[in-house]
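Visitor: To start, I am sharing the structure in question, which I have written as structure tokens.
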Amino acid sequence: MDRASVEMRVLRVLRPIVITVLAVITLFPFLYMLLLSVRPIEELLQHPGRLWLGPSEWTLRTYREVLTPTEDGGQGFLRLLTNSAIVSVAATLLTLLVSIPGAYAVARLRFFGRRQVHFLFLAVYLFPSILLAIPLFVLFTRLGLRGSLGGLTLVYIAQTVPVSIYMLRNYLTTIPASLEEAAAVDGSGRLQTLRKVVLPLAAPAVMANALYVFMIAWNEFLFALLFLVEDRADWTVSLGLAQLSGGIEVSKTVLMAGSVVLTLPILIIFFAAERLLTEGLTAGADKG
Amino acid sequence: MTRQLTARQRENRAGLAYLSPTLVVVVVVVILPILWTIMLAFQRIRLINLRRAGVFGDWTWANLETVLTSPGFWSSLWTTLVYTVGSTFGSIAIGLVAALALRGRFRGRTMVRASVLLPYVAPVVAVAFVWNVLLSPQFGLVNDWGVRFLDWDRPIAFLSQREYALFTVIAFETWRYFPFAFLFLLARLQAVPAELEEAARVDGAAPTQIFRHILLPQLGAVIALLSVLRFIMTFNKFDDVYLLTGGSAGTQVVSVRVYEFLTARFDIGAAAAQALVLAAGLVVLLIVYLRFLAPRVED
């Protein structure tokens with residue numbers, strides 16, 4: 001048998017195995033998270049190796065503890081969910097407001113310094129966030145912005161605007177310029193053209209972008225930790241969960257219930273818009 | 001007095017105007033802080049005297065000296081490098097395997113392709129805790145099964161034992177970021193003309209030969225780009241290590257060290273100097289890479 005057919009045979013066996021392994025290693029931790037979150041803690045301590053438990057033994061006590069307000073002895077995650085939602089939605093809207101005109105300028109308009117803009121964006125990613133965190137920590141302490149959701153939102157905007165512009169620009173360059181020229185001939189101004197012609201055409205990219213920014217803001221941890229840790233009322237879910245793990249009296253099953261609460265919104269968004277998101281992120285990557 | 005502007009001048013002005021909100025945000029929240037860090041690194045500033053300290057205080061080399069001579073600095077830099085190279089290589093390698101395996105058709109492909117991306121999109125705090133629980137020596141599934149089915153003598157403390165911790169952290173990072181590499185590699189693979197592969201197959205080329213001579217050359221540029229991107233991102237990474245080990249058991253990467261200077265010792269000057277050394281290290285490594293190692297990418 002020649003080399004080609006030997007390899008083909010090996011691959012025919014190997015490929016399903018690889019696919020299964022990939023699916024298991026990516027899905028299993030999430031399944032485990034879910035299973036543990038409904039398990040009584042005593043049962044986990046006795047049988048750590050047991051995976052499946054009959055639905056009759058499931059408990060929702062863990063979720064009650066996580067979601068009950070702190071005044072009533074719970075962990076008050078509903079409050080934290082609200083904080084996370086406020087910060088993430090605000091960051092998303094403001095990022096789009098800033099990056100849509102920015103992306104349009106980079107994609108369409110010839111202006112002084114257009115080619116140098118990329119270097120500016122590079123700075124955002126080249127320097128570690130911990131480096132930015134120090135002066136911002138100092139600055140926000142002075143301005144009294146530390147411990148405010150507004151300050152955090154501002155940081156998230158700066159962190160996401162470059163990616164956002166990059167993604168949108170890639171999409172905008174695929175829209176034929178002739179459409180805009182036609183609108184210009186009809187007498188509409190540049191801003192009007194952007195709003196009435198370009199924006200509707202770029203809607204899928206804008207949507208993908210919005211979800212992407214939302215996810216980054218929702219998942220962010222370091223800046224939330226540095227700026228918000230002092231006052232529990234301001235915590236985001238990520239921060240609350242991390243602080244929860246430090247508590248000795250908090251059981252691991254409650255921790256997993258908190259993880260589910262934190263992860264669920266992201267998973268819902270992701271599965272609802274999976275195609276939109278992956279195509280938005282890799283737009284332009286297939287060109288070389 | 002109004003002056004008639006040429007179309008070109010108007011376009012120039014519009015471009016700058018449209019980009020100005022972006023510029024303002026990036027300059028205020030990114031560029032100025034970077035410059036300020038450089039200044040902080042050369043001043044004696046602690047959190048206590050922060051309110052009194054001016055922007056231009058007394059200049060000193062003391063912070064840099066403290067940082068460079070402090071115990072654990074060089075080993076921390078080395079740990080960062082090992083962690084970065086290991087995770088970058090791991091995530092791209094697994095990402096490539098995944099892209100090749102999930103490329104063709106099979107039942108449930110859409111579902112598998114989507115679920116493979118989960119580690120990348122899920123919140124880092126949540127997944128770090130799941131790993132923590134899974135690997136726990138007391139009630140972790142991995143240790144329980146290891147002792148029962150694999151004949152381990154005793155449970156392994158993956159995240160607090162020196163021999164395993166760094167490796168475990170690299171494995172976590174690889175797991176979390178291979179989807180990113182997968183996404184880009186798959187997109188590129190799908191753009192390779194099918195006729196190329198078809199022709200090679202008809203000529204009797206084996207799959208490994210097709211990969212080596214047809215697919216790999218097409219993927220070169222994307223792999224080079226991914227290497228640089230992942231290297232930069234991982235080198236600066238804080239959350240993952242902090243959440244998994246807190247920097248203990250030989251996993252103290254520089255960014256976690258900076259955080260400790262900042263929050264445990266309240267030494268802002270030393271923290272800034274340390275962060276600066278991290279950024280400088282990255283710039284040097286990138287220059288070396290781009291100058292000597294990067295594959296020449298023709299436009």
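Within each chain, counting starts at residue 1; across the structure tokens, chains are named A, B, ... in the order shown, with ligands numbered 1 upward in that order.
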Region 34-237 of chain A: which residues are helix (DSSP H, G or I) by DSSP, as number ranges by chain?
Guide: A: 34-37, 41-46, 55-57, 61-67, 70-72, 77-108, 114-126, 129-143, 149-172, 177-185, 190-201, 203-219, 222-228, 232-234, 237
Visitor: Find the spatial neighbours of Gly246 (chain B), counting only C-alpha atoms, within a cut-off of 12 Å - ignore same-chain residues fewer than 4 positions away - and output them as number ranges by chain.
Guide: A: 242, 246; B: 128, 132, 159-160, 165-166, 169, 238-242, 250-253, 255-257, 259-260
Visitor: Using only C-alpha atoms, which of A:Val254, A:Met215, A:Leu145, A:Ala91 sits nearest chain B?
Guide: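 Selected residue with least distance to chain B: A:Met215.
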Visitor: Find the residues around Val26 (chain B) up to 9 Å (only C-alpha atoms counted), leave out those fewer than 4 positions away in its own chain, and share them as an NGL selection string.
Guide: (:A and (120-121 or 124 or 157-159 or 161-162)) or (:B and (21-22 or 30-32))
Visitor: How about saving the chosen residues, N, CA and C atoms kept, as a PDB file, in the first residue's frame?
Guide:
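Dumped everything to result29.pdb:
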ATOM      1  N   LEU A 120      -0.874  54.454  16.934  1.00  0.00           N
ATOM      2  CA  LEU A 120      -1.566  54.885  18.136  1.00  0.00           C
ATOM      3  C   LEU A 120      -2.316  53.702  18.756  1.00  0.00           C
ATOM      4  N   PHE A 121      -2.984  52.938  17.889  1.00  0.00           N
ATOM      5  CA  PHE A 121      -3.761  51.803  18.365  1.00  0.00           C
ATOM      6  C   PHE A 121      -2.852  50.718  18.918  1.00  0.00           C
ATOM      7  N   VAL A 124      -2.186  50.693  22.566  1.00  0.00           N
ATOM      8  CA  VAL A 124      -3.201  50.161  23.466  1.00  0.00           C
ATOM      9  C   VAL A 124      -2.897  48.717  23.830  1.00  0.00           C
ATOM     10  N   ILE A 157     -14.058  51.705  27.201  1.00  0.00           N
ATOM     11  CA  ILE A 157     -14.168  52.316  25.872  1.00  0.00           C
ATOM     12  C   ILE A 157     -12.787  52.373  25.225  1.00  0.00           C
ATOM     13  N   ALA A 158     -11.807  52.861  25.981  1.00  0.00           N
ATOM     14  CA  ALA A 158     -10.457  52.988  25.429  1.00  0.00           C
ATOM     15  C   ALA A 158      -9.882  51.632  25.043  1.00  0.00           C
ATOM     16  N   GLN A 159     -10.233  50.593  25.818  1.00  0.00           N
ATOM     17  CA  GLN A 159      -9.703  49.266  25.540  1.00  0.00           C
ATOM     18  C   GLN A 159     -10.331  48.632  24.300  1.00  0.00           C
ATOM     19  N   VAL A 161     -12.134  50.461  21.677  1.00  0.00           N
ATOM     20  CA  VAL A 161     -12.266  51.277  20.468  1.00  0.00           C
ATOM     21  C   VAL A 161     -11.347  50.829  19.317  1.00  0.00           C
ATOM     22  N   PRO A 162     -10.061  50.529  19.570  1.00  0.00           N
ATOM     23  CA  PRO A 162      -9.204  50.124  18.457  1.00  0.00           C
ATOM     24  C   PRO A 162      -9.692  48.862  17.736  1.00  0.00           C
TER      25      PRO A 162
ATOM     26  N   PRO B  21     -13.028  61.986  18.352  1.00  0.00           N
ATOM     27  CA  PRO B  21     -13.453  61.356  19.614  1.00  0.00           C
ATOM     28  C   PRO B  21     -12.554  60.180  19.983  1.00  0.00           C
ATOM     29  N   THR B  22     -12.216  59.352  18.970  1.00  0.00           N
ATOM     30  CA  THR B  22     -11.328  58.222  19.213  1.00  0.00           C
ATOM     31  C   THR B  22      -9.987  58.711  19.748  1.00  0.00           C
ATOM     32  N   VAL B  30      -5.031  56.168  27.422  1.00  0.00           N
ATOM     33  CA  VAL B  30      -3.937  55.259  27.110  1.00  0.00           C
ATOM     34  C   VAL B  30      -2.583  55.978  26.998  1.00  0.00           C
ATOM     35  N   ILE B  31      -2.496  56.951  26.114  1.00  0.00           N
ATOM     36  CA  ILE B  31      -1.190  57.560  25.858  1.00  0.00           C
ATOM     37  C   ILE B  31      -0.675  58.351  27.070  1.00  0.00           C
ATOM     38  N   LEU B  32      -1.509  59.230  27.602  1.00  0.00           N
ATOM     39  CA  LEU B  32      -1.077  60.001  28.771  1.00  0.00           C
ATOM     40  C   LEU B  32      -0.716  59.108  29.957  1.00  0.00           C
TER      41      LEU B  32
END
Visitor: Which neighbours of Arg154 (chain B) fall inside 12 Å, counting only C-alpha atoms, when residues of the same chain fewer than 3 positions from it are skipped, and could you give them as a list in words?
Guide: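 Result of the neighbour search: Pro137, Gln138, Val142, Asn143, Asp144, Trp145, Gly146, Val147, Arg148, Leu150, Asp151, Ala157 and Phe158 of chain B.
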Visitor: Starting from chain B, keep only residues with some atom at most 7 Å from an atom of chain A, counting only C-alpha atoms, and report them as a CSV table (one decimal) with N, CA and C atoms, in the first residue's frame.
Guide:
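And here's part12.csv as it stands now:
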chain,number,residue,atom,x,y,z
B,11,GLU,N,-12.1,67.3,3.0
B,11,GLU,CA,-12.0,65.9,3.3
B,11,GLU,C,-11.0,65.7,4.5
B,12,ASN,N,-9.9,66.4,4.4
B,12,ASN,CA,-8.9,66.3,5.5
B,12,ASN,C,-9.5,66.7,6.8
B,15,GLY,N,-12.1,64.1,8.0
B,15,GLY,CA,-11.4,62.9,8.5
B,15,GLY,C,-10.9,63.1,10.0
B,16,LEU,N,-10.3,64.2,10.2
B,16,LEU,CA,-9.8,64.5,11.5
B,16,LEU,C,-10.9,64.7,12.5
B,18,TYR,N,-13.9,63.3,12.4
B,18,TYR,CA,-14.6,62.0,12.7
B,18,TYR,C,-13.7,61.2,13.6
B,19,LEU,N,-12.4,61.3,13.5
B,19,LEU,CA,-11.6,60.5,14.2
B,19,LEU,C,-11.3,61.1,15.6
B,21,PRO,N,-13.0,62.0,18.4
B,21,PRO,CA,-13.5,61.4,19.6
B,21,PRO,C,-12.6,60.2,20.0
B,22,THR,N,-12.2,59.4,19.0
B,22,THR,CA,-11.3,58.2,19.2
B,22,THR,C,-10.0,58.7,19.7
B,25,VAL,N,-10.2,59.9,23.4
B,25,VAL,CA,-10.3,58.7,24.4
B,25,VAL,C,-8.9,58.0,24.5
B,26,VAL,N,-8.3,57.7,23.3
B,26,VAL,CA,-7.1,56.9,23.4
B,26,VAL,C,-6.0,57.7,24.0
B,29,VAL,N,-6.9,58.1,28.0
B,29,VAL,CA,-6.9,56.9,28.8
B,29,VAL,C,-5.8,55.9,28.5
B,30,VAL,N,-5.0,56.2,27.4
B,30,VAL,CA,-3.9,55.3,27.1
B,30,VAL,C,-2.6,56.0,27.0
B,33,PRO,N,-1.5,58.1,30.3
B,33,PRO,CA,-1.2,57.2,31.4
B,33,PRO,C,0.2,56.5,31.1
B,34,ILE,N,0.5,56.2,29.9
B,34,ILE,CA,1.8,55.5,29.6
B,34,ILE,C,2.9,56.5,29.9
B,36,TRP,N,2.8,59.0,31.9
B,36,TRP,CA,2.8,59.3,33.3
B,36,TRP,C,3.5,58.1,34.1
B,37,THR,N,3.2,56.9,33.6
B,37,THR,CA,3.9,55.7,34.2
B,37,THR,C,5.4,55.9,34.2
B,101,ALA,N,-9.0,19.5,11.6
B,101,ALA,CA,-10.0,18.5,11.9
B,101,ALA,C,-11.4,18.9,11.6
B,112,VAL,N,-20.2,21.7,16.8
B,112,VAL,CA,-18.9,21.5,17.3
B,112,VAL,C,-18.0,22.7,17.1
B,114,ALA,N,-19.0,25.8,16.9
B,114,ALA,CA,-19.4,26.8,17.9
B,114,ALA,C,-18.9,26.5,19.3
B,115,SER,N,-19.0,25.2,19.7
B,115,SER,CA,-18.7,24.9,21.1
B,115,SER,C,-17.2,25.0,21.3
B,116,VAL,N,-16.4,24.8,20.3
B,116,VAL,CA,-15.0,24.9,20.4
B,116,VAL,C,-14.6,26.3,20.8
B,118,LEU,N,-16.1,28.2,22.9
B,118,LEU,CA,-16.6,28.6,24.2
B,118,LEU,C,-15.5,29.0,25.2
B,119,PRO,N,-14.4,28.3,25.3
B,119,PRO,CA,-13.4,28.8,26.3
B,119,PRO,C,-12.9,30.2,26.0
B,122,ALA,N,-16.1,32.7,27.1
B,122,ALA,CA,-16.6,32.7,28.4
B,122,ALA,C,-15.8,33.6,29.4
B,123,PRO,N,-16.4,34.1,30.4
B,123,PRO,CA,-15.7,35.0,31.4
B,123,PRO,C,-14.5,34.3,32.1
B,124,VAL,N,-13.4,34.9,32.1
B,124,VAL,CA,-12.2,34.3,32.7
B,124,VAL,C,-12.4,33.9,34.1
B,125,VAL,N,-13.1,34.7,34.9
B,125,VAL,CA,-13.3,34.4,36.3
B,125,VAL,C,-14.0,33.0,36.5
B,126,ALA,N,-15.0,32.8,35.7
B,126,ALA,CA,-15.8,31.6,35.8
B,126,ALA,C,-15.0,30.4,35.4
B,130,VAL,N,-13.7,27.0,37.5
B,130,VAL,CA,-14.1,25.6,37.2
B,130,VAL,C,-12.8,24.8,37.1
B,139,PHE,N,-11.6,17.7,46.4
B,139,PHE,CA,-12.9,17.3,45.8
B,139,PHE,C,-12.9,17.5,44.3
B,140,GLY,N,-11.7,17.5,43.7
B,140,GLY,CA,-11.6,17.6,42.3
B,140,GLY,C,-11.8,16.3,41.5
B,141,LEU,N,-12.5,16.4,40.4
B,141,LEU,CA,-12.8,15.2,39.6
B,141,LEU,C,-11.5,14.6,39.1
B,144,ASP,N,-9.6,12.6,41.8
B,144,ASP,CA,-10.4,11.5,42.2
B,144,ASP,C,-10.3,10.3,41.2
B,145,TRP,N,-10.4,10.7,39.9
B,145,TRP,CA,-10.3,9.7,38.8
B,145,TRP,C,-8.9,9.2,38.7
B,184,PHE,N,-9.0,32.0,13.2
B,184,PHE,CA,-8.3,32.7,12.1
B,184,PHE,C,-7.7,31.7,11.1
B,187,ALA,N,-10.5,30.3,8.9
B,187,ALA,CA,-10.9,31.3,7.9
B,187,ALA,C,-9.9,31.3,6.7
B,188,ARG,N,-8.7,31.2,7.0
B,188,ARG,CA,-7.6,31.2,6.0
B,188,ARG,C,-7.7,29.9,5.2
B,191,ALA,N,-10.1,29.7,2.5
B,191,ALA,CA,-9.9,30.6,1.3
B,191,ALA,C,-8.9,29.9,0.4
B,204,GLY,N,-1.7,11.8,-6.4
B,204,GLY,CA,-1.3,10.8,-5.4
B,204,GLY,C,-0.5,11.3,-4.2
B,205,ALA,N,-0.6,12.6,-3.9
B,205,ALA,CA,0.0,13.1,-2.7
B,205,ALA,C,-0.7,12.7,-1.5
B,206,ALA,N,0.1,12.4,-0.5
B,206,ALA,CA,-0.4,11.9,0.8
B,206,ALA,C,-0.9,13.2,1.6
B,207,PRO,N,-1.8,13.0,2.5
B,207,PRO,CA,-2.3,14.1,3.3
B,207,PRO,C,-1.2,15.0,4.0
B,221,ALA,N,1.6,33.3,6.7
B,221,ALA,CA,1.4,34.7,7.2
B,221,ALA,C,0.5,34.7,8.4
B,222,VAL,N,-0.6,34.0,8.3
B,222,VAL,CA,-1.5,34.0,9.5
B,222,VAL,C,-0.9,33.5,10.7
B,232,ILE,N,2.3,39.0,22.4
B,232,ILE,CA,2.0,40.3,23.1
B,232,ILE,C,1.0,40.1,24.2
B,236,ASN,N,1.6,40.2,28.5
B,236,ASN,CA,1.0,41.2,29.4
B,236,ASN,C,-0.1,40.7,30.3
B,239,ASP,N,-4.9,38.4,34.5
B,239,ASP,CA,-6.1,37.7,35.1
B,239,ASP,C,-5.9,36.2,35.3
B,255,SER,N,3.3,40.8,35.5
B,255,SER,CA,2.2,41.6,35.7
B,255,SER,C,1.5,41.4,37.1
B,272,ALA,N,5.4,51.0,39.0
B,272,ALA,CA,5.5,51.6,37.7
B,272,ALA,C,6.8,51.2,37.0
B,275,ALA,N,6.5,47.7,35.8
B,275,ALA,CA,5.6,47.6,34.6
B,275,ALA,C,6.4,48.1,33.4
B,279,ALA,N,7.2,46.3,29.8
B,279,ALA,CA,6.9,46.8,28.5
B,279,ALA,C,8.2,46.9,27.6
Visitor: Give me, please, the distance in Å between CA of Glu173 (chain B) and CA of Trp131 (chain B), quoted to one decimal.
Guide: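 Taking CA of Glu173 (chain B) as the start and CA of Trp131 (chain B) as the end point, the length is 11.3 Å.
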Visitor: Just to confirm, what's the straight-line distance from CA of Leu96 (chain B) to CA of Leu196 (chain B) in Å (one decimal)?
Guide: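 So the answer is 19.5 Å.
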Visitor: Mind checking which residues fall within 12 Å of Leu201 (chain A), counting only C-alpha atoms, ignoring those fewer than 4 positions away in the same chain, and posting them as a PyMOL selection string?
Guide: chain A and resi 168+171-177+179-180+193-197+205-207
